[in-house]
$ cat protein19.tsv   # TSV, C-alpha atoms
chain	number	residue	atom	x	y	z
A	1	MET	CA	2.83	-6.19	14.36
A	2	VAL	CA	4.55	-7.84	11.42
A	3	VAL	CA	2.64	-10.69	9.78
A	4	SER	CA	2.89	-12.53	6.50
A	5	GLU	CA	0.85	-11.60	3.46
A	6	LYS	CA	-1.10	-14.84	3.70
A	7	VAL	CA	-1.92	-14.46	7.42
A	8	LEU	CA	-3.09	-10.88	7.00
A	9	LYS	CA	-5.18	-11.82	3.96
A	10	TRP	CA	-7.11	-14.38	6.02
A	11	ALA	CA	-7.35	-12.11	9.07
A	12	MET	CA	-8.83	-9.35	6.91
A	13	ARG	CA	-11.23	-11.77	5.21
A	14	PHE	CA	-12.77	-12.70	8.55
A	15	TYR	CA	-12.56	-9.26	10.19
A	16	PRO	CA	-16.27	-8.71	11.01
A	17	PRO	CA	-16.72	-5.20	9.56
A	18	LEU	CA	-15.35	-6.38	6.21
A	19	LEU	CA	-16.88	-9.86	6.26
A	20	VAL	CA	-20.44	-8.66	6.91
A	21	GLN	CA	-20.19	-6.14	4.08
A	22	ARG	CA	-18.82	-8.84	1.73
A	23	ILE	CA	-15.44	-7.14	1.28
A	24	TRP	CA	-13.03	-9.92	0.32
A	25	VAL	CA	-9.25	-9.53	0.25
A	26	GLN	CA	-8.13	-11.57	-2.74
A	27	GLY	CA	-4.49	-11.25	-1.80
A	28	PHE	CA	-1.59	-9.03	-0.80
A	29	ASP	CA	1.41	-8.71	-3.11
A	30	LYS	CA	4.79	-9.89	-1.87
A	31	GLY	CA	6.21	-7.35	0.57
A	32	PHE	CA	2.79	-5.66	0.90
A	33	THR	CA	3.44	-3.47	-2.16
A	34	GLY	CA	-0.13	-4.06	-3.30
A	35	VAL	CA	-3.46	-5.64	-2.54
A	36	ARG	CA	-6.40	-6.91	-4.60
A	37	VAL	CA	-9.91	-6.54	-3.15
A	38	LYS	CA	-13.37	-7.65	-4.28
A	39	ILE	CA	-16.68	-6.27	-3.05
A	40	THR	CA	-19.35	-8.89	-3.65
A	41	LYS	CA	-22.83	-7.46	-4.10
A	42	SER	CA	-25.25	-9.20	-1.77
A	43	ILE	CA	-28.41	-8.66	0.22
A	44	PHE	CA	-26.23	-7.34	3.06
A	45	ASN	CA	-24.74	-4.42	1.11
A	46	LYS	CA	-27.21	-3.32	-1.55
A	47	ASN	CA	-29.28	-0.16	-1.36
A	48	LEU	CA	-32.77	0.73	-2.59
A	49	ASN	CA	-31.43	1.30	-6.12
A	50	ASN	CA	-30.15	-2.29	-6.23
A	51	SER	CA	-26.52	-1.13	-6.29
A	52	ILE	CA	-23.76	-1.53	-3.70
A	53	PHE	CA	-24.22	0.79	-0.71
A	54	GLY	CA	-21.77	3.71	-0.74
A	55	GLY	CA	-20.68	3.03	2.83
A	56	THR	CA	-19.55	-0.45	1.84
A	57	ILE	CA	-17.55	0.96	-1.06
A	58	PHE	CA	-15.89	3.51	1.18
A	59	SER	CA	-15.20	0.91	3.89
A	60	ALA	CA	-13.49	-1.30	1.35
A	61	ALA	CA	-11.05	1.42	0.29
A	62	ASP	CA	-10.38	2.76	3.79
A	63	PRO	CA	-7.74	0.52	5.42
A	64	PHE	CA	-5.47	-0.80	2.72
A	65	TYR	CA	-2.96	1.99	2.05
A	66	ALA	CA	-2.41	2.36	5.79
A	67	ILE	CA	-2.00	-1.39	6.30
A	68	CYS	CA	0.43	-1.75	3.41
A	69	PHE	CA	2.55	1.26	4.39
A	70	HIS	CA	2.66	0.09	7.99
A	71	GLN	CA	3.85	-3.39	7.03
A	72	ILE	CA	6.39	-2.10	4.49
A	73	LEU	CA	7.92	0.48	6.83
A	74	HIS	CA	7.91	-1.81	9.86
A	75	ARG	CA	9.90	-4.37	7.86
A	76	ARG	CA	12.41	-1.62	7.06
A	77	GLY	CA	12.94	-0.85	10.73
A	78	TYR	CA	10.58	2.06	11.25
A	79	THR	CA	8.22	2.39	14.17
A	80	VAL	CA	5.32	4.34	12.71
A	81	ARG	CA	1.70	5.26	13.22
A	82	VAL	CA	-0.31	5.15	10.02
A	83	TRP	CA	-3.92	6.03	9.38
A	84	LEU	CA	-6.24	7.43	6.76
A	85	LYS	CA	-6.33	11.17	7.39
A	86	SER	CA	-9.01	12.08	4.86
A	87	ALA	CA	-10.75	10.77	1.76
A	88	GLN	CA	-12.76	11.99	-1.19
A	89	ILE	CA	-15.07	9.70	-3.10
A	90	GLN	CA	-16.78	10.08	-6.46
A	91	TYR	CA	-19.46	7.62	-7.49
A	92	LEU	CA	-19.22	7.60	-11.28
A	93	LYS	CA	-21.67	4.77	-12.01
A	94	PRO	CA	-23.82	2.58	-9.75
A	95	GLY	CA	-22.11	-0.61	-8.64
A	96	ARG	CA	-24.82	-2.97	-9.85
A	97	ASN	CA	-22.60	-6.03	-9.64
A	98	ASN	CA	-19.32	-6.94	-7.91
A	99	LEU	CA	-16.63	-4.27	-7.67
A	100	TYR	CA	-12.86	-4.79	-7.77
A	101	PHE	CA	-9.83	-2.65	-7.04
A	102	LYS	CA	-6.09	-3.00	-6.77
A	103	ILE	CA	-3.66	-0.84	-4.84
A	104	ASN	CA	0.00	-0.63	-5.85
A	105	ILE	CA	2.77	1.09	-3.90
A	106	THR	CA	5.93	1.63	-5.92
A	107	GLU	CA	9.49	1.61	-4.61
A	108	GLU	CA	9.70	5.33	-5.46
A	109	GLU	CA	6.66	6.04	-3.26
A	110	ILE	CA	8.21	4.05	-0.42
A	111	LYS	CA	11.54	5.89	-0.78
A	112	GLU	CA	9.68	9.22	-0.79
A	113	ALA	CA	7.91	8.31	2.46
A	114	GLU	CA	11.19	7.13	4.04
A	115	ASN	CA	12.98	10.33	3.05
A	116	VAL	CA	10.26	12.55	4.53
A	117	LEU	CA	10.04	10.43	7.70
A	118	ASN	CA	13.81	10.68	8.17
A	119	THR	CA	13.85	14.47	7.73
A	120	VAL	CA	10.47	15.82	8.85
A	121	GLY	CA	9.12	12.95	10.97
A	122	LYS	CA	5.68	12.80	9.36
A	123	PHE	CA	4.48	12.09	5.84
A	124	VAL	CA	1.10	12.96	4.34
A	125	LYS	CA	0.16	12.12	0.77
A	126	ALA	CA	-2.97	11.34	-1.22
A	127	TYR	CA	-3.26	8.10	-3.21
A	128	PRO	CA	-5.95	7.00	-5.69
A	129	VAL	CA	-8.25	3.99	-5.53
A	130	GLU	CA	-10.16	3.16	-8.72
A	131	MET	CA	-12.97	0.59	-8.61
A	132	TYR	CA	-14.31	-1.34	-11.58
A	133	ASP	CA	-17.23	-3.74	-11.98
A	134	ASN	CA	-17.28	-7.25	-13.51
A	135	GLU	CA	-17.44	-5.77	-17.00
A	136	GLY	CA	-14.52	-3.37	-16.50
A	137	VAL	CA	-16.71	-0.27	-16.14
A	138	HIS	CA	-15.10	2.42	-13.96
A	139	CYS	CA	-17.64	2.95	-11.15
A	140	VAL	CA	-15.83	4.69	-8.28
A	141	SER	CA	-12.86	7.00	-7.87
A	142	ILE	CA	-11.46	7.60	-4.38
A	143	ILE	CA	-8.56	9.69	-3.12
A	144	ASN	CA	-7.19	8.49	0.24
A	145	GLU	CA	-4.88	10.82	2.16
A	146	VAL	CA	-2.50	8.71	4.23
A	147	TYR	CA	-0.78	10.06	7.35
A	148	ILE	CA	2.42	8.38	8.55
A	149	ARG	CA	4.29	9.52	11.65
A	150	ASN	CA	7.65	8.30	12.84
A	151	LEU	CA	7.53	7.37	16.54
A	152	TYR	CA	10.51	8.35	18.63
A	153	THR	CA	12.12	6.36	21.41
A	154	GLY	CA	10.52	7.08	24.74
A	155	GLU	CA	7.16	8.01	23.23
A	156	ASN	CA	4.18	6.28	24.80
A	157	LYS	CA	2.77	3.60	22.53
A	158	THR	CA	-0.92	4.38	22.87
A	159	VAL	CA	-3.70	3.64	20.44
A	160	ALA	CA	-4.49	7.32	19.97
A	161	TYR	CA	-2.09	9.67	18.22
$ encode --input "protein19.tsv" --output "structure tokens"
Amino acid sequence: MVVSEKVLKWAMRFYPPLLVQRIWVQGFDKGFTGVRVKITKSIFNKNLNNSIFGGTIFSAADPFYAICFHQILHRRGYTVRVWLKSAQIQYLKPGRNNLYFKINITEEEIKEAENVLNTVGKFVKAYPVEMYDNEGVHCVSIINEVYIRNLYTGENKTVAY
């Protein structure tokens, strides 16, 4: 489904799994080429060490590359399935206050995905997510492997792949 950046921002803000964990979409860039996200530390997402729970951090990074690629490619006429295939996370420092990250997808990365989809039919690539706290300290490094598959005419449009 194609939606505007503003509509998706508000839908994601009130999506229960993100809302309860205090994951707040600050905004999508025009054309979904990026997104800015804040994880607010609260009683709902802190652990025994008084830092942000690792599951919250991982949940925050999980959906955004897939969402952005889906919106970008759908606007360019592709019918695709996109999901996070795998991820690696490194906790560098405890998130003792709010965490922030920004995802950017360049035109070259989009063209690369389009080229592979047009020739092979599926595209798999790993992208970084770096999270920083209020003071600019690098706290988390994540590598998200995104899987994109071109759907062909006549293929059943099911939820599963």
$ residues_around --input "protein19.tsv" --residues "Gly55 in chain A" --least-positions-apart "6" --cutoff "12 Å" --atoms "all atoms listed in the file" --output "JSON, numbers by chain"
{"A": [17, 18, 21, 23, 39, 44, 45, 46, 47, 61, 62, 89, 91]}
$ closest_residue --input "protein19.tsv" --among "A:Lys6, A:Lys85, A:Lys93, A:Arg36" --to "Tyr147 in chain A" --atoms "all atoms listed in the file"
A:Lys85
$ atom_distance --input "protein19.tsv" --atom1 "CA of Leu99 in chain A" --atom2 "CA of Met131 in chain A"
6.2 Å
$ residues_around --input "protein19.tsv" --residues "Phe69 in chain A" --least-positions-apart "2" --cutoff "10 Å" --atoms "only C-alpha atoms" --output "PyMOL selection string"
chain A and resi 32-34+64-67+71-75+80-83+105+109-110+113+146-148
$ atom_distance --input "protein19.tsv" --atom1 "CA of Ser59 in chain A" --atom2 "CA of Asn144 in chain A"
11.6 Å
$ atom_distance --input "protein19.tsv" --atom1 "CA of Ile143 in chain A" --atom2 "CA of Tyr100 in chain A"
15.8 Å
$ closest_residue --input "protein19.tsv" --among "A:Asn50, A:Asn104, A:Asn98, A:Thr79" --to "Leu117 in chain A" --atoms "only C-alpha atoms"
A:Thr79
$ residues_around --input "protein19.tsv" --residues "Val137 in chain A" --least-positions-apart "2" --cutoff "10 Å" --atoms "only C-alpha atoms" --output "list in words"
Leu92, Lys93, Pro94, Gly95, Leu99, Met131, Tyr132, Asp133, Asn134, Glu135, Cys139 and Val140 of chain A
$ write_last_selection --input "protein19.tsv" --atoms "C-alpha atoms" --output "CSV table (one decimal), in the coordinates of the input"
chain,number,residue,atom,x,y,z
A,92,LEU,CA,-19.2,7.6,-11.3
A,93,LYS,CA,-21.7,4.8,-12.0
A,94,PRO,CA,-23.8,2.6,-9.8
A,95,GLY,CA,-22.1,-0.6,-8.6
A,99,LEU,CA,-16.6,-4.3,-7.7
A,131,MET,CA,-13.0,0.6,-8.6
A,132,TYR,CA,-14.3,-1.3,-11.6
A,133,ASP,CA,-17.2,-3.7,-12.0
A,134,ASN,CA,-17.3,-7.2,-13.5
A,135,GLU,CA,-17.4,-5.8,-17.0
A,139,CYS,CA,-17.6,3.0,-11.2
A,140,VAL,CA,-15.8,4.7,-8.3
$ closest_residue --input "protein19.tsv" --among "A:Lys30, A:Tyr127, A:Val37, A:Ala11" --to "Ala87 in chain A" --atoms "all atoms listed in the file"
A:Tyr127
$ closest_residue --input "protein19.tsv" --among "A:Thr119, A:Ser51, A:Ser4, A:Ser141" --to "Phe101 in chain A" --atoms "all atoms listed in the file"
A:Ser141
$ axis_aligned_box --input "protein19.tsv" --around "range 101-115 of chain A" --padding-each-side "5 Å" --output "lines of an AutoDock Vina configuration file"
center_x = 1.6
center_y = 3.7
center_z = -1.5
size_x = 32.8
size_y = 23.3
size_z = 21.1
$ residues_around --input "protein19.tsv" --residues "Gln26 in chain A" --least-positions-apart "2" --cutoff "9 Å" --atoms "all atoms listed in the file" --output "list in words"
Lys9, Arg13, Trp24, Phe28, Val35, Arg36, Val37 and Lys38 of chain A
$ closest_residue --input "protein19.tsv" --among "A:Gly27, A:Asn150, A:Gln90, A:Val120" --to "Ile57 in chain A" --atoms "only C-alpha atoms"
A:Gln90
$ closest_residue --input "protein19.tsv" --among "A:Met1, A:Val7, A:Met12, A:Val20" --to "Pro63 in chain A" --atoms "all atoms listed in the file"
A:Met12
